[in-house]
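Undergrad: Handing you this structure, nothing more for now.
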Amino acid sequence: MSTSSTTGSSSSSSSSSSSALSPLPSSSPLSSYGWDTHWEAEFAPHAERGLLPGRVVRVDRGQCDIATTEGVVRADTAFVTPHDPLRVICTGDWAAVDPAGGTPRYVRAYLPRRTAFVRSTSSKRSDGQILAANVDHAIVAVSLAAELDLGRIERFLALAWESGAQPLVVLTKADLVPDPVGLSYLVQDVETTAPGVPVLPLSSATGEGVDVLRAIIAGGTSVLLGVSGTGKSTLANTLLGEDTMAVQAVRDVDGKGRHTTTTRNLLTLPGGGVLIDTPGLRGVGLFDAGTGVGQVFSEIEELASSCRFHDCAHATEPGCAVLAAVEEGALPERRLESYRKLLRENQYIVAKTDARVRAELRRDWKRKGAEGRAAMQAKRGGLIR
């Protein structure tokens, strides 16, 4: 879901790669953080008020660190912390901050977001949590040290597509799969799960794939996502060329990782580009990600256009092109089940905040209930005869 704000308001926004815009002279202190002519134009009204531009590199406990032309400064976020969790300032935002002299210094506003990575805070609540803003690439880190969880990858990709960023799946710890044939099969499994998404096997230990990743993310902003233990902090250190992020070992007893990164940190890369490292995510709840789900399961959406009924649920309907593909072996049944699951979850989240969707769901439930009762009565009638 993309959001946009100048004083904390939010609205939809499409992705716009920073590399496609004219950068400011390299002598600008903010150029390495992604400052370009677009952001300069957006900031003009705030410049007239004597405020300084800066990019949020970290947020915690009502304050944030902001990279400005004066260096990294500490500022209070009281003016950009509304009740709406999607409108609070976050790592990656471009902000307008008080000039030196005031104590404390305040963030007065933030610029309209190009993109925003948002997840649901809890399966039992309808609140969203914004993890990173103004991102060009969403890097989903998946460890090859554990069995692939394709369903979790699909969840991450749905949120990534919805954010407006370009997803990229990085298969970390590739050195643990020394057999090239076996590795190629794993890559192929993920590629089938991630249509239209680059899949890159990578090893921070051997350097395999690192240069390719550096080339992809240079010149833009990337967010690094994944569960604990996938090697995100190690990968961040590899890209930075130094041990900036702390690293912990994966537990031997269950193969699960510990939370090494506890806050979202924005880091400039020596080869160009910006990286936002995030804590390991235990839960990856969807939040109004219908478009993203459709993108992840694009082959199912394409098949659905050939179904006999335009509102086909791909369950038992006659003339269902999706079910036909499953029966023919052209579409894995696991993909269809995952598609149904994510659609239901997303619809449930949206219904919590959208009265129209709730009403549509109720009508749909009543219709299906009536159809079920009618079918049962017809069946009983046939037995009596």
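We label chains A, B, ... in the order they appear in the structure tokens, count residues from 1 in each chain, and number ligands from 1 in the order shown.
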Could you please write out, as a short mmCIF file (atom, residue, chain, number, x, y, z; two decimals) with all heavy atoms, in the first residue's frame, every residue of stretch 8-171 of chain A that DSSP assigns to alpha helix (DSSP H)?

TA:
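The file below, part03.cif, is the result:
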```
data_model
loop_
_atom_site.label_atom_id
_atom_site.label_comp_id
_atom_site.auth_asym_id
_atom_site.auth_seq_id
_atom_site.Cartn_x
_atom_site.Cartn_y
_atom_site.Cartn_z
N THR A 37 15.97 16.12 -7.68
CA THR A 37 15.21 17.31 -8.05
C THR A 37 13.74 17.19 -7.66
O THR A 37 13.08 18.20 -7.38
CB THR A 37 15.33 17.56 -9.57
OG1 THR A 37 14.96 16.36 -10.27
CG2 THR A 37 16.75 17.93 -9.94
N HIS A 38 13.22 15.97 -7.66
CA HIS A 38 11.82 15.76 -7.25
C HIS A 38 11.63 16.17 -5.79
O HIS A 38 10.71 16.93 -5.45
CB HIS A 38 11.42 14.30 -7.43
CG HIS A 38 10.15 13.93 -6.73
ND1 HIS A 38 8.91 14.13 -7.29
CD2 HIS A 38 9.93 13.38 -5.50
CE1 HIS A 38 7.99 13.72 -6.45
NE2 HIS A 38 8.57 13.25 -5.35
N TRP A 39 12.50 15.65 -4.92
CA TRP A 39 12.37 15.97 -3.50
C TRP A 39 12.65 17.45 -3.24
O TRP A 39 12.00 18.06 -2.37
CB TRP A 39 13.34 15.11 -2.68
CG TRP A 39 13.02 13.65 -2.70
CD1 TRP A 39 13.82 12.63 -3.14
CD2 TRP A 39 11.80 13.03 -2.28
NE1 TRP A 39 13.17 11.42 -3.01
CE2 TRP A 39 11.93 11.63 -2.50
CE3 TRP A 39 10.61 13.51 -1.75
CZ2 TRP A 39 10.92 10.73 -2.19
CZ3 TRP A 39 9.59 12.61 -1.45
CH2 TRP A 39 9.74 11.24 -1.65
N GLU A 40 13.57 18.02 -3.99
CA GLU A 40 13.87 19.45 -3.83
C GLU A 40 12.63 20.28 -4.14
O GLU A 40 12.31 21.24 -3.41
CB GLU A 40 15.03 19.85 -4.73
CG GLU A 40 15.49 21.29 -4.53
CD GLU A 40 16.68 21.63 -5.41
OE1 GLU A 40 16.69 21.21 -6.59
OE2 GLU A 40 17.61 22.30 -4.92
N ALA A 41 11.92 19.93 -5.21
CA ALA A 41 10.71 20.66 -5.58
C ALA A 41 9.62 20.48 -4.52
O ALA A 41 8.91 21.43 -4.17
CB ALA A 41 10.21 20.20 -6.94
N GLU A 42 9.48 19.25 -4.01
CA GLU A 42 8.48 18.98 -2.99
C GLU A 42 8.77 19.75 -1.70
O GLU A 42 7.86 20.15 -0.97
CB GLU A 42 8.42 17.48 -2.68
CG GLU A 42 7.86 16.62 -3.79
CD GLU A 42 6.34 16.69 -3.84
OE1 GLU A 42 5.73 17.26 -2.91
OE2 GLU A 42 5.77 16.20 -4.83
N PHE A 43 10.05 19.96 -1.43
CA PHE A 43 10.44 20.60 -0.17
C PHE A 43 10.36 22.12 -0.23
O PHE A 43 10.41 22.78 0.82
CB PHE A 43 11.86 20.17 0.21
CG PHE A 43 12.25 20.56 1.61
CD1 PHE A 43 11.83 19.80 2.69
CD2 PHE A 43 13.02 21.70 1.84
CE1 PHE A 43 12.17 20.16 3.98
CE2 PHE A 43 13.36 22.07 3.13
CZ PHE A 43 12.93 21.30 4.21
N ALA A 44 10.22 22.69 -1.41
CA ALA A 44 10.29 24.15 -1.57
C ALA A 44 9.44 24.94 -0.57
O ALA A 44 9.92 25.91 0.02
CB ALA A 44 9.93 24.52 -3.01
N PRO A 45 8.16 24.56 -0.35
CA PRO A 45 7.35 25.32 0.62
C PRO A 45 7.95 25.31 2.03
O PRO A 45 7.83 26.29 2.77
CB PRO A 45 6.00 24.62 0.58
CG PRO A 45 5.97 23.92 -0.74
CD PRO A 45 7.37 23.50 -0.99
N HIS A 46 8.56 24.20 2.41
CA HIS A 46 9.16 24.12 3.74
C HIS A 46 10.46 24.93 3.81
O HIS A 46 10.78 25.49 4.86
CB HIS A 46 9.44 22.66 4.09
CG HIS A 46 8.22 21.78 4.03
ND1 HIS A 46 7.17 21.91 4.92
CD2 HIS A 46 7.87 20.79 3.17
CE1 HIS A 46 6.24 21.01 4.62
NE2 HIS A 46 6.64 20.33 3.55
N ALA A 47 11.20 24.98 2.70
CA ALA A 47 12.41 25.78 2.66
C ALA A 47 12.09 27.25 2.87
O ALA A 47 12.85 27.99 3.52
CB ALA A 47 13.13 25.58 1.32
N GLU A 48 10.95 27.70 2.35
CA GLU A 48 10.54 29.09 2.52
C GLU A 48 10.29 29.43 3.99
O GLU A 48 10.37 30.59 4.39
CB GLU A 48 9.28 29.36 1.70
CG GLU A 48 9.52 29.30 0.19
CD GLU A 48 8.23 29.46 -0.60
OE1 GLU A 48 7.16 29.56 0.04
OE2 GLU A 48 8.29 29.47 -1.85
N LEU A 150 7.23 -21.66 0.89
CA LEU A 150 6.75 -20.93 -0.28
C LEU A 150 5.57 -20.02 0.06
O LEU A 150 5.43 -18.94 -0.51
CB LEU A 150 6.37 -21.92 -1.38
CG LEU A 150 7.52 -22.81 -1.89
CD1 LEU A 150 7.02 -23.76 -2.97
CD2 LEU A 150 8.67 -21.97 -2.42
N GLY A 151 4.73 -20.47 0.99
CA GLY A 151 3.60 -19.64 1.39
C GLY A 151 4.03 -18.33 2.01
O GLY A 151 3.45 -17.28 1.76
N ARG A 152 5.08 -18.38 2.84
CA ARG A 152 5.58 -17.16 3.46
C ARG A 152 6.19 -16.23 2.41
O ARG A 152 6.03 -15.01 2.48
CB ARG A 152 6.62 -17.49 4.52
CG ARG A 152 7.20 -16.25 5.20
CD ARG A 152 8.24 -16.64 6.23
NE ARG A 152 7.61 -17.24 7.40
CZ ARG A 152 8.18 -18.18 8.15
NH1 ARG A 152 9.36 -18.66 7.83
NH2 ARG A 152 7.56 -18.64 9.22
N ILE A 153 6.87 -16.81 1.44
CA ILE A 153 7.44 -15.99 0.37
C ILE A 153 6.32 -15.27 -0.38
O ILE A 153 6.43 -14.08 -0.70
CB ILE A 153 8.26 -16.87 -0.61
CG1 ILE A 153 9.48 -17.45 0.10
CG2 ILE A 153 8.70 -16.06 -1.83
CD1 ILE A 153 10.26 -18.46 -0.74
N GLU A 154 5.23 -15.97 -0.64
CA GLU A 154 4.09 -15.35 -1.34
C GLU A 154 3.52 -14.19 -0.53
O GLU A 154 3.12 -13.16 -1.10
CB GLU A 154 3.03 -16.42 -1.61
CG GLU A 154 3.44 -17.41 -2.69
CD GLU A 154 2.62 -18.69 -2.69
OE1 GLU A 154 1.93 -18.96 -1.68
OE2 GLU A 154 2.69 -19.42 -3.70
N ARG A 155 3.48 -14.32 0.79
CA ARG A 155 2.98 -13.24 1.64
C ARG A 155 3.87 -12.01 1.53
O ARG A 155 3.39 -10.89 1.34
CB ARG A 155 2.96 -13.68 3.10
CG ARG A 155 1.81 -14.59 3.46
CD ARG A 155 1.92 -15.06 4.90
NE ARG A 155 0.68 -15.71 5.29
CZ ARG A 155 -0.38 -15.06 5.73
NH1 ARG A 155 -0.34 -13.75 5.85
NH2 ARG A 155 -1.49 -15.69 6.05
N PHE A 156 5.18 -12.22 1.66
CA PHE A 156 6.11 -11.09 1.55
C PHE A 156 5.98 -10.41 0.20
O PHE A 156 5.99 -9.18 0.10
CB PHE A 156 7.55 -11.58 1.75
CG PHE A 156 8.01 -11.59 3.18
CD1 PHE A 156 8.27 -12.78 3.84
CD2 PHE A 156 8.19 -10.40 3.87
CE1 PHE A 156 8.70 -12.79 5.15
CE2 PHE A 156 8.63 -10.40 5.19
CZ PHE A 156 8.88 -11.60 5.83
N LEU A 157 5.86 -11.21 -0.86
CA LEU A 157 5.78 -10.64 -2.20
C LEU A 157 4.49 -9.87 -2.41
O LEU A 157 4.48 -8.84 -3.10
CB LEU A 157 5.92 -11.74 -3.24
CG LEU A 157 7.30 -12.41 -3.32
CD1 LEU A 157 7.29 -13.54 -4.34
CD2 LEU A 157 8.37 -11.38 -3.68
N ALA A 158 3.38 -10.34 -1.83
CA ALA A 158 2.12 -9.62 -1.96
C ALA A 158 2.24 -8.23 -1.36
O ALA A 158 1.79 -7.23 -1.95
CB ALA A 158 0.98 -10.40 -1.29
N LEU A 159 2.85 -8.13 -0.18
CA LEU A 159 3.04 -6.83 0.46
C LEU A 159 4.04 -5.98 -0.32
O LEU A 159 3.89 -4.76 -0.42
CB LEU A 159 3.53 -7.03 1.89
CG LEU A 159 2.52 -7.66 2.85
CD1 LEU A 159 3.16 -7.89 4.21
CD2 LEU A 159 1.28 -6.79 2.99
N ALA A 160 5.07 -6.62 -0.87
CA ALA A 160 6.07 -5.88 -1.64
C ALA A 160 5.46 -5.26 -2.88
O ALA A 160 5.66 -4.08 -3.18
CB ALA A 160 7.23 -6.80 -2.01
N TRP A 161 4.69 -6.06 -3.64
CA TRP A 161 4.04 -5.53 -4.84
C TRP A 161 3.07 -4.40 -4.47
O TRP A 161 2.99 -3.38 -5.16
CB TRP A 161 3.28 -6.63 -5.57
CG TRP A 161 4.09 -7.53 -6.43
CD1 TRP A 161 4.22 -8.89 -6.32
CD2 TRP A 161 4.89 -7.17 -7.57
NE1 TRP A 161 5.04 -9.39 -7.29
CE2 TRP A 161 5.46 -8.35 -8.09
CE3 TRP A 161 5.17 -5.96 -8.20
CZ2 TRP A 161 6.30 -8.37 -9.20
CZ3 TRP A 161 6.01 -5.97 -9.31
CH2 TRP A 161 6.56 -7.15 -9.80
N GLU A 162 2.33 -4.59 -3.37
CA GLU A 162 1.35 -3.58 -2.97
C GLU A 162 2.02 -2.28 -2.58
O GLU A 162 1.44 -1.20 -2.75
CB GLU A 162 0.51 -4.11 -1.80
CG GLU A 162 -0.72 -3.29 -1.49
CD GLU A 162 -1.80 -3.41 -2.56
OE1 GLU A 162 -1.89 -4.47 -3.20
OE2 GLU A 162 -2.56 -2.44 -2.75
N SER A 163 3.24 -2.35 -2.08
CA SER A 163 3.95 -1.15 -1.63
C SER A 163 4.30 -0.22 -2.79
O SER A 163 4.51 0.98 -2.59
CB SER A 163 5.23 -1.54 -0.90
OG SER A 163 6.24 -1.96 -1.82
#
```

Undergrad: Determine the nearest neighbour of A:Val107 from the options A:His83, A:Val140, A:Leu51, A:Thr230, counting only C-alpha atoms.

TA: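 Closest to A:Val107, using only C-alpha atoms: A:Leu51.
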
Undergrad: Distance atom CA of A:Ala100-atom CA of A:Gly71, one decimal place?

TA: 11.2 Å

Undergrad: Hey, what's within 12 Å of A:Ile217 if we count only C-alpha atoms and toss same-chain stuff fewer than 3 positions away? As a PyMOL selection string, please?

TA: chain A and resi 17-19+135-139+165-168+210-214+220-224+239+268-276

Undergrad: With N, CA, C and O atoms retained, could you export that selection as a short mmCIF file (atom, residue, chain, number, x, y, z; two decimals), in the first residue's frame?

TA:
```
data_model
loop_
_atom_site.label_atom_id
_atom_site.label_comp_id
_atom_site.auth_asym_id
_atom_site.auth_seq_id
_atom_site.Cartn_x
_atom_site.Cartn_y
_atom_site.Cartn_z
N SER A 17 10.99 5.43 -9.34
CA SER A 17 12.38 5.13 -9.03
C SER A 17 13.22 6.38 -8.99
O SER A 17 13.16 7.23 -9.87
N SER A 18 14.02 6.51 -7.91
CA SER A 18 14.84 7.70 -7.76
C SER A 18 15.88 7.78 -8.86
O SER A 18 16.32 8.87 -9.23
N SER A 19 16.27 6.64 -9.42
CA SER A 19 17.29 6.66 -10.46
C SER A 19 16.78 7.26 -11.75
O SER A 19 17.56 7.66 -12.60
N VAL A 135 10.68 3.43 -0.91
CA VAL A 135 11.53 2.29 -1.24
C VAL A 135 11.38 1.95 -2.72
O VAL A 135 10.27 1.92 -3.26
N ASP A 136 12.49 1.67 -3.39
CA ASP A 136 12.48 1.27 -4.80
C ASP A 136 12.52 -0.24 -4.96
O ASP A 136 11.91 -0.79 -5.87
N HIS A 137 13.27 -0.93 -4.07
CA HIS A 137 13.38 -2.39 -4.15
C HIS A 137 13.05 -3.00 -2.79
O HIS A 137 13.54 -2.53 -1.75
N ALA A 138 12.22 -4.03 -2.79
CA ALA A 138 11.92 -4.79 -1.58
C ALA A 138 12.63 -6.13 -1.68
O ALA A 138 12.25 -6.99 -2.47
N ILE A 139 13.70 -6.29 -0.90
CA ILE A 139 14.51 -7.51 -0.94
C ILE A 139 13.97 -8.49 0.10
O ILE A 139 14.05 -8.24 1.30
N ALA A 165 7.00 -0.95 -4.63
CA ALA A 165 8.41 -1.24 -4.89
C ALA A 165 8.54 -2.47 -5.78
O ALA A 165 7.59 -3.23 -5.97
N GLN A 166 9.72 -2.65 -6.35
CA GLN A 166 10.01 -3.84 -7.16
C GLN A 166 10.55 -4.93 -6.24
O GLN A 166 11.59 -4.77 -5.62
N PRO A 167 9.86 -6.08 -6.14
CA PRO A 167 10.35 -7.15 -5.27
C PRO A 167 11.56 -7.86 -5.87
O PRO A 167 11.75 -7.91 -7.08
N LEU A 168 12.35 -8.43 -4.98
CA LEU A 168 13.51 -9.24 -5.35
C LEU A 168 13.69 -10.29 -4.26
O LEU A 168 13.73 -9.95 -3.07
N VAL A 210 26.75 -11.45 -4.66
CA VAL A 210 26.78 -10.16 -3.98
C VAL A 210 26.94 -9.01 -4.97
O VAL A 210 26.24 -7.98 -4.87
N ASP A 211 27.85 -9.14 -5.93
CA ASP A 211 28.06 -8.07 -6.90
C ASP A 211 26.82 -7.84 -7.75
O ASP A 211 26.50 -6.70 -8.12
N VAL A 212 26.12 -8.93 -8.07
CA VAL A 212 24.88 -8.79 -8.85
C VAL A 212 23.86 -8.00 -8.06
O VAL A 212 23.20 -7.09 -8.58
N LEU A 213 23.72 -8.31 -6.77
CA LEU A 213 22.77 -7.58 -5.92
C LEU A 213 23.17 -6.12 -5.80
O LEU A 213 22.31 -5.22 -5.87
N ARG A 214 24.46 -5.85 -5.61
CA ARG A 214 24.91 -4.46 -5.51
C ARG A 214 24.52 -3.66 -6.75
O ARG A 214 24.09 -2.52 -6.66
N GLY A 220 19.25 3.49 -5.75
CA GLY A 220 17.90 3.58 -5.22
C GLY A 220 17.87 3.23 -3.75
O GLY A 220 18.91 3.07 -3.10
N THR A 221 16.67 3.12 -3.21
CA THR A 221 16.49 2.73 -1.81
C THR A 221 15.90 1.33 -1.75
O THR A 221 14.92 1.04 -2.44
N SER A 222 16.51 0.47 -0.94
CA SER A 222 16.05 -0.91 -0.81
C SER A 222 15.73 -1.21 0.65
O SER A 222 16.41 -0.71 1.55
N VAL A 223 14.68 -2.00 0.88
CA VAL A 223 14.37 -2.46 2.22
C VAL A 223 14.64 -3.95 2.28
O VAL A 223 14.30 -4.69 1.35
N LEU A 224 15.28 -4.39 3.34
CA LEU A 224 15.67 -5.79 3.52
C LEU A 224 14.68 -6.43 4.49
O LEU A 224 14.56 -6.02 5.64
N LEU A 239 27.13 -5.91 2.17
CA LEU A 239 26.87 -4.82 1.24
C LEU A 239 27.55 -3.53 1.69
O LEU A 239 27.99 -2.72 0.86
N THR A 268 23.63 4.13 4.15
CA THR A 268 24.09 4.43 2.79
C THR A 268 25.13 3.38 2.39
O THR A 268 25.98 3.00 3.20
N LEU A 269 25.05 2.92 1.15
CA LEU A 269 25.95 1.88 0.66
C LEU A 269 27.14 2.50 -0.07
O LEU A 269 26.96 3.48 -0.82
N PRO A 270 28.33 1.96 0.11
CA PRO A 270 29.52 2.54 -0.51
C PRO A 270 29.48 2.51 -2.04
O PRO A 270 30.06 3.37 -2.70
N GLY A 271 28.77 1.54 -2.62
CA GLY A 271 28.67 1.45 -4.06
C GLY A 271 27.51 2.23 -4.64
O GLY A 271 27.22 2.15 -5.83
N GLY A 272 26.82 2.99 -3.80
CA GLY A 272 25.65 3.76 -4.23
C GLY A 272 24.37 3.09 -3.78
O GLY A 272 24.27 1.87 -3.74
N GLY A 273 23.40 3.88 -3.45
CA GLY A 273 22.13 3.36 -2.98
C GLY A 273 22.00 3.42 -1.47
O GLY A 273 22.95 3.73 -0.74
N VAL A 274 20.80 3.14 -1.02
CA VAL A 274 20.47 3.20 0.40
C VAL A 274 19.79 1.90 0.80
O VAL A 274 18.98 1.37 0.05
N LEU A 275 20.11 1.39 1.98
CA LEU A 275 19.54 0.14 2.46
C LEU A 275 18.85 0.38 3.80
O LEU A 275 19.42 0.98 4.70
N ILE A 276 17.60 -0.10 3.90
CA ILE A 276 16.87 -0.07 5.17
C ILE A 276 16.82 -1.50 5.70
O ILE A 276 16.19 -2.37 5.09
#
```

Undergrad: I need the residue nearest A:Gly219 from this list: A:Phe117, A:Tyr339, A:Tyr33, A:Phe309. Use only C-alpha atoms for the distance.

TA: A:Tyr33

Undergrad: What is the atom CA of A:Asp277 to atom CA of A:Pro85 distance in Å?

TA: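 Atom-to-atom, atom CA of A:Asp277 and atom CA of A:Pro85 are spaced 20.1 Å apart.
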
Undergrad: Using atom CA of A:Glu345 and atom CA of A:Thr91 as the two end points, give the distance in Å to one decimal.

TA: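 Going from atom CA of A:Glu345 over to atom CA of A:Thr91, I get 27.1 Å.
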